[in-house]
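final.cif follows (mmCIF, C-alpha atoms (C1' of nucleotides)):
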```cif
data_upload
#
loop_
_atom_site.label_atom_id
_atom_site.label_comp_id
_atom_site.auth_asym_id
_atom_site.auth_seq_id
_atom_site.Cartn_x
_atom_site.Cartn_y
_atom_site.Cartn_z
CA MET J 27 0.00 0.00 0.00
CA TYR J 28 2.54 2.54 1.18
CA GLN J 29 5.47 0.65 -0.25
CA ASN J 30 6.47 3.38 -2.71
CA LEU J 31 6.72 5.81 0.16
CA PHE J 32 8.61 3.50 2.49
CA ASP J 33 11.09 2.70 -0.26
CA HIS J 34 11.59 6.39 -0.81
CA ILE J 35 12.11 7.11 2.88
CA LYS J 36 14.62 4.29 3.16
CA LYS J 37 16.81 5.91 0.57
CA TYR J 38 17.49 8.58 3.17
CA VAL J 39 17.05 7.03 6.62
CA SER J 40 16.46 3.60 8.07
CA LEU J 41 13.11 2.48 9.43
CA THR J 42 12.22 -0.49 11.58
CA SER J 43 9.06 -2.39 10.75
CA THR J 44 7.58 -0.98 13.95
CA ASP J 45 8.26 2.49 12.58
CA GLU J 46 6.54 1.55 9.35
CA GLY J 47 3.47 0.43 11.27
CA ILE J 48 3.30 3.68 13.19
CA ILE J 49 3.72 5.73 10.04
CA ALA J 50 1.16 3.69 8.11
CA SER J 51 -1.47 4.26 10.75
CA ALA J 52 -0.94 8.02 10.49
CA LEU J 53 -1.30 8.15 6.73
CA ASP J 54 -4.22 8.22 4.43
CA CYS J 55 -4.42 7.14 0.84
CA ARG J 56 -6.49 8.97 -1.72
CA THR J 57 -7.16 8.33 -5.38
CA LEU J 58 -7.78 11.35 -7.55
CA LYS J 59 -9.52 11.68 -10.86
CA ASN J 60 -8.12 14.01 -13.50
CA LYS J 61 -8.80 17.65 -12.54
CA GLU J 62 -9.62 16.80 -8.93
CA PHE J 63 -8.22 19.23 -6.34
CA VAL J 64 -6.45 18.52 -3.06
CA LEU J 65 -6.10 22.23 -2.32
CA GLU J 66 -8.00 25.22 -3.64
CA GLU J 67 -7.18 28.91 -3.33
CA GLY J 68 -8.56 30.33 -0.10
CA GLN J 69 -8.36 27.09 1.87
CA ILE J 70 -5.85 26.54 4.64
CA CYS J 71 -3.56 23.76 3.57
CA SER J 72 -3.83 20.88 6.01
CA ALA J 73 -1.54 18.17 4.69
CA ASN J 74 1.52 17.17 2.78
CA TYR J 75 0.91 14.99 -0.27
CA PHE J 76 3.16 12.25 -1.58
CA VAL J 77 2.49 11.39 -5.20
CA ALA J 78 2.55 7.59 -5.31
CA ASN J 79 1.63 7.62 -8.97
CA GLY J 80 0.15 10.00 -11.51
CA CYS J 81 0.81 13.70 -11.66
CA LEU J 82 -0.34 16.84 -9.84
CA ARG J 83 0.25 20.49 -10.54
CA MET J 84 0.52 23.40 -8.13
CA PHE J 85 -0.62 26.66 -9.70
CA GLU J 86 -1.96 30.11 -9.01
CA ILE J 87 -4.34 32.30 -10.95
CA ASN J 88 -2.37 35.39 -11.94
CA SER J 89 -3.62 38.93 -12.40
CA ASN J 90 -4.56 38.23 -16.02
CA GLY J 91 -6.73 35.33 -14.95
CA ALA J 92 -4.31 32.81 -16.41
CA ASP J 93 -2.88 29.77 -14.63
CA GLN J 94 0.73 29.96 -13.57
CA ILE J 95 2.17 26.57 -12.71
CA LEU J 96 4.80 26.73 -10.00
CA GLN J 97 5.49 23.04 -9.65
CA PHE J 98 4.56 19.64 -10.93
CA GLY J 99 4.31 16.75 -8.49
CA ILE J 100 5.25 13.47 -10.08
CA ASP J 101 6.03 10.00 -8.77
CA ASN J 102 7.82 10.07 -5.43
CA TRP J 103 7.59 13.80 -4.85
CA TRP J 104 5.96 15.56 -1.95
CA ILE J 105 3.81 18.50 -2.81
CA THR J 106 2.15 21.06 -0.55
CA ASP J 107 1.88 24.78 0.13
CA TYR J 108 4.29 25.26 3.03
CA ASN J 109 3.43 28.91 3.27
CA SER J 110 -0.18 28.10 4.06
CA LEU J 111 0.76 25.08 6.15
CA ASP J 112 3.37 26.77 8.35
CA PHE J 113 1.41 29.91 9.08
CA GLN J 114 -2.08 28.44 8.85
CA ARG J 115 -3.01 31.11 6.36
CA PRO J 116 -5.42 30.78 3.43
CA SER J 117 -3.52 29.55 0.43
CA LYS J 118 -3.07 31.51 -2.75
CA LEU J 119 -2.39 28.30 -4.60
CA ASN J 120 -4.22 25.35 -6.06
CA ILE J 121 -3.07 21.75 -6.17
CA GLN J 122 -4.85 19.62 -8.73
CA ALA J 123 -4.48 16.25 -10.41
CA VAL J 124 -3.41 16.46 -14.04
CA GLN J 125 -4.26 12.81 -14.61
CA SER J 126 -5.75 10.09 -12.45
CA SER J 127 -3.36 9.78 -9.54
CA THR J 128 -2.81 8.23 -6.15
CA VAL J 129 -1.55 10.39 -3.30
CA ILE J 130 -0.54 9.51 0.21
CA VAL J 131 -1.77 12.11 2.66
CA LEU J 132 0.20 13.14 5.72
CA PRO J 133 -2.13 15.39 7.73
CA ASN J 134 -0.45 18.34 9.33
CA LYS J 135 -1.99 17.73 12.74
CA ILE J 136 -0.44 14.32 13.05
CA GLN J 137 2.94 15.23 11.66
CA ASP J 138 4.60 16.65 14.77
CA GLU J 139 3.46 13.78 16.92
CA LEU J 140 4.87 11.39 14.34
CA PHE J 141 8.21 13.18 14.28
CA GLN J 142 8.48 12.87 18.04
CA LYS J 143 7.92 9.15 17.88
CA ILE J 144 10.21 8.69 14.89
CA PRO J 145 12.99 11.30 14.70
CA ALA J 146 14.34 9.62 11.57
CA LEU J 147 11.24 10.80 9.76
CA GLU J 148 11.95 14.41 10.59
CA ARG J 149 15.44 13.84 9.30
CA TYR J 150 14.02 12.42 6.08
CA PHE J 151 11.95 15.55 5.55
CA ARG J 152 14.89 17.80 6.29
CA LEU J 153 16.89 15.99 3.65
CA ILE J 154 14.25 16.08 0.94
CA LEU J 155 13.61 19.73 1.70
CA GLN J 156 17.27 20.44 1.10
CA ARG J 157 16.92 18.81 -2.27
CA ALA J 158 13.68 20.57 -3.07
CA TYR J 159 15.15 23.94 -2.12
CA SER J 160 18.20 23.26 -4.21
CA ALA J 161 16.02 22.21 -7.15
CA SER J 162 13.99 25.37 -6.85
CA GLN J 163 17.15 27.45 -6.98
CA LEU J 164 18.29 25.49 -9.99
CA ARG J 165 15.02 26.40 -11.64
CA VAL J 166 15.75 30.10 -11.13
CA HIS J 167 19.13 29.45 -12.73
CA TYR J 168 17.51 28.02 -15.85
CA ILE J 169 14.95 30.81 -16.06
CA PHE J 170 17.63 33.48 -15.98
CA ASN J 171 20.27 31.81 -18.11
CA GLN J 172 18.26 30.30 -20.91
CA SER J 173 15.84 31.72 -23.44
CA GLY J 174 12.35 30.27 -23.58
CA GLU J 175 13.30 28.10 -26.48
CA GLU J 176 16.42 26.76 -24.80
CA ARG J 177 14.42 26.07 -21.65
CA TYR J 178 11.85 24.06 -23.57
CA ARG J 179 14.42 22.05 -25.47
CA HIS J 180 16.41 21.35 -22.35
CA PHE J 181 13.35 20.36 -20.37
CA SER J 182 11.88 18.12 -23.02
CA SER J 183 15.17 16.34 -23.60
CA SER J 184 15.59 15.88 -19.84
CA PHE J 185 12.06 14.55 -19.33
CA PRO J 186 10.93 13.23 -22.72
CA ASP J 187 8.28 10.94 -21.25
CA PHE J 188 6.86 13.60 -18.96
CA VAL J 189 6.45 16.06 -21.83
CA GLN J 190 4.11 13.58 -23.49
CA ARG J 191 1.96 13.23 -20.40
CA VAL J 192 0.82 16.81 -19.89
CA PRO J 193 -0.95 19.24 -22.24
CA GLN J 194 1.33 21.72 -23.92
CA TYR J 195 -0.31 24.73 -22.39
CA MET J 196 0.66 23.45 -18.95
CA LEU J 197 4.22 22.95 -20.08
CA ALA J 198 4.27 26.49 -21.42
CA SER J 199 2.93 27.80 -18.13
CA TYR J 200 5.51 25.88 -16.12
CA LEU J 201 8.32 27.06 -18.36
CA GLY J 202 7.14 30.65 -18.12
CA PHE J 203 5.82 31.56 -21.54
CA THR J 204 2.63 31.43 -23.59
CA PRO J 205 1.15 28.38 -25.34
CA GLU J 206 1.41 30.26 -28.64
CA PHE J 207 5.12 30.71 -28.16
CA LEU J 208 5.60 27.04 -27.37
CA SER J 209 3.71 26.18 -30.52
CA LYS J 210 6.01 28.42 -32.54
CA ILE J 211 9.10 26.78 -31.07
CA ARG J 212 7.79 23.35 -31.99
CA GLY J 213 6.86 24.52 -35.46
CA LYS J 214 10.40 25.71 -36.15
CA LYS J 215 12.12 22.37 -36.25
CA GLU J 216 11.11 18.93 -35.21
CA MET R 23 28.93 35.58 20.63
CA TYR R 24 26.37 33.28 19.11
CA GLN R 25 23.45 35.12 20.59
CA ASN R 26 21.93 36.13 17.25
CA LEU R 27 21.83 32.52 16.23
CA PHE R 28 20.44 31.22 19.49
CA ASP R 29 17.72 33.85 19.40
CA HIS R 30 16.86 32.79 15.91
CA ILE R 31 16.73 29.11 16.79
CA LYS R 32 14.52 29.81 19.76
CA LYS R 33 11.90 31.34 17.52
CA TYR R 34 11.33 27.83 16.22
CA VAL R 35 12.30 25.38 18.95
CA SER R 36 13.36 25.50 22.59
CA LEU R 37 16.92 25.00 23.73
CA THR R 38 18.28 24.33 27.20
CA SER R 39 21.46 26.11 28.21
CA THR R 40 23.18 22.73 28.03
CA ASP R 41 22.08 22.51 24.41
CA GLU R 42 23.47 25.94 23.77
CA GLY R 43 26.80 24.90 25.18
CA ILE R 44 26.95 21.84 22.98
CA ILE R 45 26.02 23.82 19.91
CA ALA R 46 28.46 26.61 20.66
CA SER R 47 31.34 24.17 20.88
CA ALA R 48 30.50 22.82 17.43
CA LEU R 49 30.38 26.21 15.78
CA ASP R 50 32.97 28.48 14.43
CA CYS R 51 32.85 32.20 13.95
CA ARG R 52 34.44 33.95 11.00
CA THR R 53 34.69 37.56 10.02
CA LEU R 54 34.79 38.36 6.35
CA LYS R 55 36.09 41.36 4.51
CA ASN R 56 34.21 42.68 1.51
CA LYS R 57 34.70 40.34 -1.48
CA GLU R 58 36.03 37.51 0.62
CA PHE R 59 34.77 34.06 -0.39
CA VAL R 60 33.48 31.23 1.80
CA LEU R 61 32.92 29.01 -1.24
CA GLU R 62 34.39 29.14 -4.73
CA GLU R 63 33.35 27.29 -7.85
CA GLY R 64 34.95 23.85 -8.02
CA GLN R 65 35.28 23.40 -4.26
CA ILE R 66 33.19 20.91 -2.34
CA CYS R 67 31.00 22.84 0.03
CA SER R 68 31.81 21.84 3.60
CA ALA R 69 29.59 23.96 5.82
CA ASN R 70 26.40 25.86 6.32
CA TYR R 71 26.81 29.58 7.01
CA PHE R 72 24.64 31.73 9.25
CA VAL R 73 24.95 35.42 8.50
CA ALA R 74 25.17 37.09 11.90
CA ASN R 75 25.64 40.46 10.28
CA GLY R 76 26.60 41.88 6.94
CA CYS R 77 25.63 40.45 3.59
CA LEU R 78 26.74 37.60 1.34
CA ARG R 79 25.79 36.68 -2.17
CA MET R 80 25.58 33.30 -3.84
CA PHE R 81 26.25 33.45 -7.56
CA GLU R 82 27.38 31.53 -10.59
CA ILE R 83 29.31 32.58 -13.65
CA ASN R 84 26.99 32.08 -16.60
CA SER R 85 27.89 31.16 -20.16
CA ASN R 86 28.44 34.82 -21.08
CA GLY R 87 30.96 35.18 -18.29
CA ALA R 88 28.60 37.36 -16.26
CA ASP R 89 27.64 36.85 -12.63
CA GLN R 90 24.18 35.54 -11.95
CA ILE R 91 23.13 36.03 -8.34
CA LEU R 92 20.83 33.28 -7.07
CA GLN R 93 20.50 34.42 -3.49
CA PHE R 94 21.54 37.05 -1.03
CA GLY R 95 22.31 36.05 2.53
CA ILE R 96 21.45 38.78 4.98
CA ASP R 97 21.12 38.97 8.75
CA ASN R 98 19.77 35.77 10.26
CA TRP R 99 19.74 33.73 7.08
CA TRP R 100 21.56 30.50 6.44
CA ILE R 101 23.36 30.20 3.16
CA THR R 102 25.07 27.26 1.55
CA ASP R 103 25.11 25.12 -1.60
CA TYR R 104 23.04 22.12 -0.59
CA ASN R 105 23.64 20.47 -3.92
CA SER R 106 27.36 20.35 -3.30
CA LEU R 107 26.93 19.62 0.40
CA ASP R 108 24.48 16.73 0.06
CA PHE R 109 26.25 14.94 -2.73
CA GLN R 110 29.82 16.01 -1.91
CA ARG R 111 30.21 17.25 -5.46
CA PRO R 112 32.27 20.21 -6.64
CA SER R 113 30.12 23.31 -6.47
CA LYS R 114 29.12 25.35 -9.49
CA LEU R 115 28.49 28.30 -7.23
CA ASN R 116 30.37 31.00 -5.35
CA ILE R 117 29.49 32.46 -2.00
CA GLN R 118 31.11 35.79 -1.29
CA ALA R 119 30.82 38.68 1.14
CA VAL R 120 29.30 41.80 -0.37
CA GLN R 121 30.35 43.88 2.62
CA SER R 122 32.30 43.15 5.75
CA SER R 123 30.32 40.47 7.50
CA THR R 124 30.30 37.99 10.34
CA VAL R 125 29.24 34.43 9.68
CA ILE R 126 28.75 31.50 12.01
CA VAL R 127 30.04 28.31 10.49
CA LEU R 128 28.38 24.96 11.01
CA PRO R 129 30.76 22.39 9.50
CA ASN R 130 29.05 19.59 7.66
CA LYS R 131 31.04 16.87 9.40
CA ILE R 132 29.80 17.89 12.80
CA GLN R 133 26.23 18.51 11.82
CA ASP R 134 24.86 14.97 11.98
CA GLU R 135 26.47 14.30 15.31
CA LEU R 136 24.93 17.51 16.61
CA PHE R 137 21.48 16.57 15.37
CA GLN R 138 21.69 13.26 17.18
CA LYS R 139 22.52 14.98 20.44
CA ILE R 140 19.92 17.70 19.92
CA PRO R 141 16.96 16.58 17.80
CA ALA R 142 15.37 20.00 18.23
CA LEU R 143 18.12 21.40 16.06
CA GLU R 144 17.23 19.12 13.21
CA ARG R 145 13.67 20.26 13.62
CA TYR R 146 14.80 23.88 13.44
CA PHE R 147 16.54 23.24 10.15
CA ARG R 148 13.55 21.41 8.75
CA LEU R 149 11.38 24.40 9.59
CA ILE R 150 13.66 27.03 8.10
CA LEU R 151 14.11 24.88 5.01
CA GLN R 152 10.35 24.85 4.56
CA ARG R 153 10.41 28.61 4.66
CA ALA R 154 13.38 28.86 2.34
CA TYR R 155 11.79 26.50 -0.14
CA SER R 156 8.55 28.44 -0.01
CA ALA R 157 10.44 31.71 -0.49
CA SER R 158 12.24 30.29 -3.49
CA GLN R 159 8.91 29.32 -5.06
CA LEU R 160 7.57 32.78 -4.33
CA ARG R 161 10.52 34.15 -6.22
CA VAL R 162 9.59 32.11 -9.28
CA HIS R 163 6.10 33.58 -8.92
CA TYR R 164 7.45 37.12 -9.05
CA ILE R 165 9.72 36.37 -11.98
CA PHE R 166 6.87 35.02 -14.05
CA ASN R 167 4.13 37.43 -13.05
CA GLN R 168 5.92 40.76 -13.03
CA SER R 169 7.89 42.67 -15.61
CA GLY R 170 11.46 43.60 -14.78
CA GLU R 171 10.38 47.09 -13.86
CA GLU R 172 7.58 45.87 -11.57
CA ARG R 173 9.97 43.44 -9.94
CA TYR R 174 12.45 46.19 -9.20
CA ARG R 175 9.84 48.55 -7.80
CA HIS R 176 8.29 45.84 -5.70
CA PHE R 177 11.64 44.67 -4.38
CA SER R 178 12.95 48.11 -3.55
CA SER R 179 9.76 49.12 -1.79
CA SER R 180 9.84 45.85 0.17
CA PHE R 181 13.50 46.19 1.14
CA PRO R 182 14.32 49.91 0.87
CA ASP R 183 17.30 49.69 3.21
CA PHE R 184 18.76 46.65 1.52
CA VAL R 185 18.64 48.29 -1.90
CA GLN R 186 20.96 50.98 -0.59
CA ARG R 187 23.46 48.46 0.70
CA VAL R 188 24.37 46.62 -2.48
CA PRO R 189 25.66 47.88 -5.84
CA GLN R 190 23.02 48.23 -8.50
CA TYR R 191 24.58 45.72 -10.82
CA MET R 192 24.11 43.06 -8.16
CA LEU R 193 20.50 44.03 -7.73
CA ALA R 194 20.00 43.81 -11.48
CA SER R 195 21.62 40.39 -11.51
CA TYR R 196 19.45 39.13 -8.65
CA LEU R 197 16.29 40.48 -10.27
CA GLY R 198 17.20 38.91 -13.58
CA PHE R 199 18.02 41.74 -15.93
CA THR R 200 20.94 43.89 -17.04
CA PRO R 201 22.49 46.80 -15.12
CA GLU R 202 21.73 49.03 -18.11
CA PHE R 203 18.07 48.22 -17.88
CA LEU R 204 18.00 48.94 -14.16
CA SER R 205 19.60 52.28 -14.82
CA LYS R 206 16.91 53.09 -17.36
CA ILE R 207 14.14 52.18 -14.95
CA ARG R 208 15.63 54.49 -12.34
CA GLY R 209 16.07 57.22 -14.90
CA LYS R 210 12.41 57.17 -15.83
CA LYS R 211 10.97 58.47 -12.60
CA GLU R 212 12.47 58.98 -9.19
"C1'" DC N 28 45.12 62.18 -7.32
"C1'" DG N 29 44.88 58.29 -10.42
"C1'" DA N 30 42.89 53.94 -11.53
"C1'" DT N 31 39.54 51.04 -11.39
"C1'" DT N 32 34.87 50.04 -10.83
"C1'" DC N 33 30.23 51.33 -11.34
"C1'" DT N 34 26.46 53.85 -13.64
"C1'" DT N 35 24.21 56.31 -17.33
"C1'" DT N 36 22.60 57.13 -22.09
"C1'" DG N 37 21.19 56.10 -26.87
"C1'" DA N 38 20.27 53.44 -31.08
"C1'" DA N 39 19.44 49.08 -33.15
"C1'" DA N 40 18.01 44.36 -32.70
"C1'" DA N 41 16.23 40.15 -30.50
"C1'" DC N 42 12.92 37.91 -27.90
"C1'" DA N 43 8.44 36.94 -26.47
"C1'" DG N 44 3.54 38.60 -25.84
"C1'" DT N 45 -1.11 39.78 -27.61
"C1'" DC N 46 -4.99 39.19 -30.33
"C1'" DA N 47 -7.73 37.02 -33.57
"C1'" DA N 48 -8.69 33.53 -36.82
"C1'" DT N 49 -8.31 28.87 -38.08
"C1'" DC N 50 -7.33 24.04 -37.54
"C1'" DT N 51 -7.27 19.56 -35.03
"C1'" DG N 52 -8.71 16.08 -32.22
"C1'" DT N 53 -11.72 13.91 -28.82
"C1'" DG N 54 -15.68 12.58 -26.52
"C1'" DT N 55 -20.77 12.94 -25.95
"C1'" DG N 56 -25.50 12.71 -26.94
"C1'" DG N 57 -28.93 12.06 -30.41
"C1'" DC O 22 -22.65 6.13 -36.47
"C1'" DC O 23 -22.88 10.87 -37.13
"C1'" DA O 24 -22.94 15.63 -35.74
"C1'" DC O 25 -21.75 18.73 -32.71
"C1'" DA O 26 -19.40 21.07 -29.10
"C1'" DC O 27 -15.40 22.13 -26.86
"C1'" DA O 28 -10.74 22.08 -25.44
"C1'" DG O 29 -6.28 22.39 -27.18
"C1'" DA O 30 -2.89 23.61 -30.85
"C1'" DT O 31 -1.36 26.38 -34.72
"C1'" DT O 32 -0.40 30.51 -37.52
"C1'" DG O 33 0.46 35.42 -38.75
"C1'" DA O 34 0.70 40.39 -38.06
"C1'" DC O 35 1.62 43.67 -34.82
"C1'" DT O 36 3.31 45.53 -30.39
"C1'" DG O 37 6.15 45.98 -26.43
"C1'" DT O 38 9.82 44.87 -23.30
"C1'" DT O 39 14.48 43.93 -22.54
"C1'" DT O 40 19.20 43.10 -24.52
"C1'" DT O 41 23.30 44.33 -26.78
"C1'" DC O 42 26.97 47.22 -27.87
"C1'" DA O 43 29.50 51.25 -27.48
"C1'" DA O 44 30.84 55.36 -25.42
"C1'" DA O 45 30.89 58.68 -21.95
"C1'" DG O 46 30.15 60.15 -17.19
"C1'" DA O 47 30.29 59.51 -11.98
"C1'" DA O 48 31.94 57.47 -7.84
"C1'" DT O 49 35.00 55.13 -4.86
"C1'" DC O 50 39.27 53.42 -2.96
"C1'" DG O 51 44.02 53.09 -2.13
#
```
Translate this file's structure into structure tokens.
Amino acid sequence: MYQNLFDHIKKYVSLTSTDEGIIASALDCRTLKNKEFVLEEGQICSANYFVANGCLRMFEINSNGADQILQFGIDNWWITDYNSLDFQRPSKLNIQAVQSSTVIVLPNKIQDELFQKIPALERYFRLILQRAYSASQLRVHYIFNQSGEERYRHFSSSFPDFVQRVPQYMLASYLGFTPEFLSKIRGKKE
Amino acid sequence: MYQNLFDHIKKYVSLTSTDEGIIASALDCRTLKNKEFVLEEGQICSANYFVANGCLRMFEINSNGADQILQFGIDNWWITDYNSLDFQRPSKLNIQAVQSSTVIVLPNKIQDELFQKIPALERYFRLILQRAYSASQLRVHYIFNQSGEERYRHFSSSFPDFVQRVPQYMLASYLGFTPEFLSKIRGKKE
DNA sequence: CGATTCTTTGAAAACAGTCAATCTGTGTGG
DNA sequence: CCACACAGATTGACTGTTTTCAAAGAATCG
């Protein structure tokens, strides 16, 4: 059931089977249909979501009324709005399934208690947050050092399978330009 | 000596005075002159740096040979290259003082040992990493949803004192445009 | 005071956005 | 099975923002 997650955790820290039992009883599993939300703008984010399979997107509605995708959540990634979670403030973001997906839910209320019982789990989250933070900084690097076209070509050669899985307009939004521009890039040369 | 840091930690977790003693003995304090480096491209990053006072910048040299600033480290912020630190790989980044500064050094080798003695400290880092990650995502938001000019005006009204402290070309680099463009924005209207 | 480093200014060009029309594919209901 | 609706993708002309390059002007530091 939670095997994907346990395998992922064990890449970073070790867990006893007792630990696994305790963790399992704290978690919740949820299947999502395409376009189903786990967080909508205005709500206070109450959990951290582990994408066991499928794909989610985190996005905001910008001042032009268009979606701006800040992050995709794919297999074995955690996704949540830490700003809303940490400060218990209404979120400005949405988290939505982009295809039918399975997520493992770690409710915020239970998290601290769990960390006290299993310090290794807090360590695991510290480590993946370091990676996530580093990845987010790397993203800024690509935005500033590559043109839109370079960014698209680099991204689609890095994640050729992923590019097939999501609509192009979402890719354009994630990469920071318009769907029309993406279409023109693709039209140039195959 | 380390009071700034202890105060900062105590905003997130509680520490006994025994804890403080243990932590203090693991730390190192270092004063930096303007333009002094704590990390240079090619080195393996060996520590996490807490800016007690002053200001540091983290930057890379891009393909045009120009600096691209990814982050500033100001009072009470930790700064390091987690990518180099976590994987013990040569860094692609530089971390350098922008003015005379004092940093508190937490060497990587000692960190894990320290976290085992004081789990609250690992919790502290998890919490500030959540904030840092969230801040980095917010930055992507601003890059994509504001023009260069809007970004500058927003940034300088948010951090009016900071804008005075660093050269304009660094500001331009951080905000993702050229020094010439920044100069033109400023020329438009004071 | 001299030398470097930083900032300003202007003209031309590149990059990407906007808007509007058209095309394509896919699924649904009759 | 067809017709239709609708979401997504493409195309072209036009506009705007930001870059590039070059040169000159200010500021700062030893």
### Task
Would you please work out which residue, of N:DG52, N:DT36, N:DG57, N:DC42, is nearest to chain R when using all atoms listed in the file?
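Nearest candidate to chain R out of N:DG52, N:DT36, N:DG57, N:DC42: N:DT36.
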### Task
Decode the PyMOL selection byres ((chain R) within 9 of (chain O)) for the given file into explicit residues and return them as a PyMOL selection string.
chain R and resi 169-170+199-200+203
Contacts of chain N with chain R up to 8 Å, shortest pair per row, only C-alpha atoms (C1' of nucleotides), as CSV:
```
residue,atom,partner,partner_atom,distance
N:DC33,C1',R:Pro189,CA,7.9
N:DT34,C1',R:Ser205,CA,7.1
N:DT35,C1',R:Ser205,CA,6.6
```
### Task
Have a look at R:Pro182, R:Pro129, R:Gly198, R:Gly76 and name the one nearest to J:Val166; count all atoms listed in the file.
R:Gly198
### Task
Can you check which residues of chain J have any atom within 7 Å of chain R? Use all atoms listed in the file and format it as a ChimeraX atom specification.
/J:88,96,108-109,148-149,151-152,155-156,158-160,162-163,166,170-171,202
### Straight-line distance linking atom CA of J:Asp101 with atom CA of J:Val77, stated in Å to one decimal
5.2 Å
### Task
Excluding R:Pro112 and any residue of its chain fewer than 2 positions from it, enumerate the residues within 8 Å of it, using all atoms listed in the file, and give them as number ranges by chain.
R: 63-67, 106, 110, 114
### Query
Applied to this file, what does the PyMOL selection byres ((chain R and resi 118-120) around 8) return in terms of residues, put as a VMD selection string?
chain R and resid 54 to 61 76 to 80 116 to 117 121 to 123 188
### Task
Can you work out which one of J:Ala73, J:Ile130, J:Ile100, J:Leu119 has the shortest atom-to-atom distance to J:Ile49, counting only C-alpha atoms?
J:Ile130
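The two atoms in question, atom CA of J:Ile144 and atom CA of J:Asp54, are spaced 17.8 Å apart.
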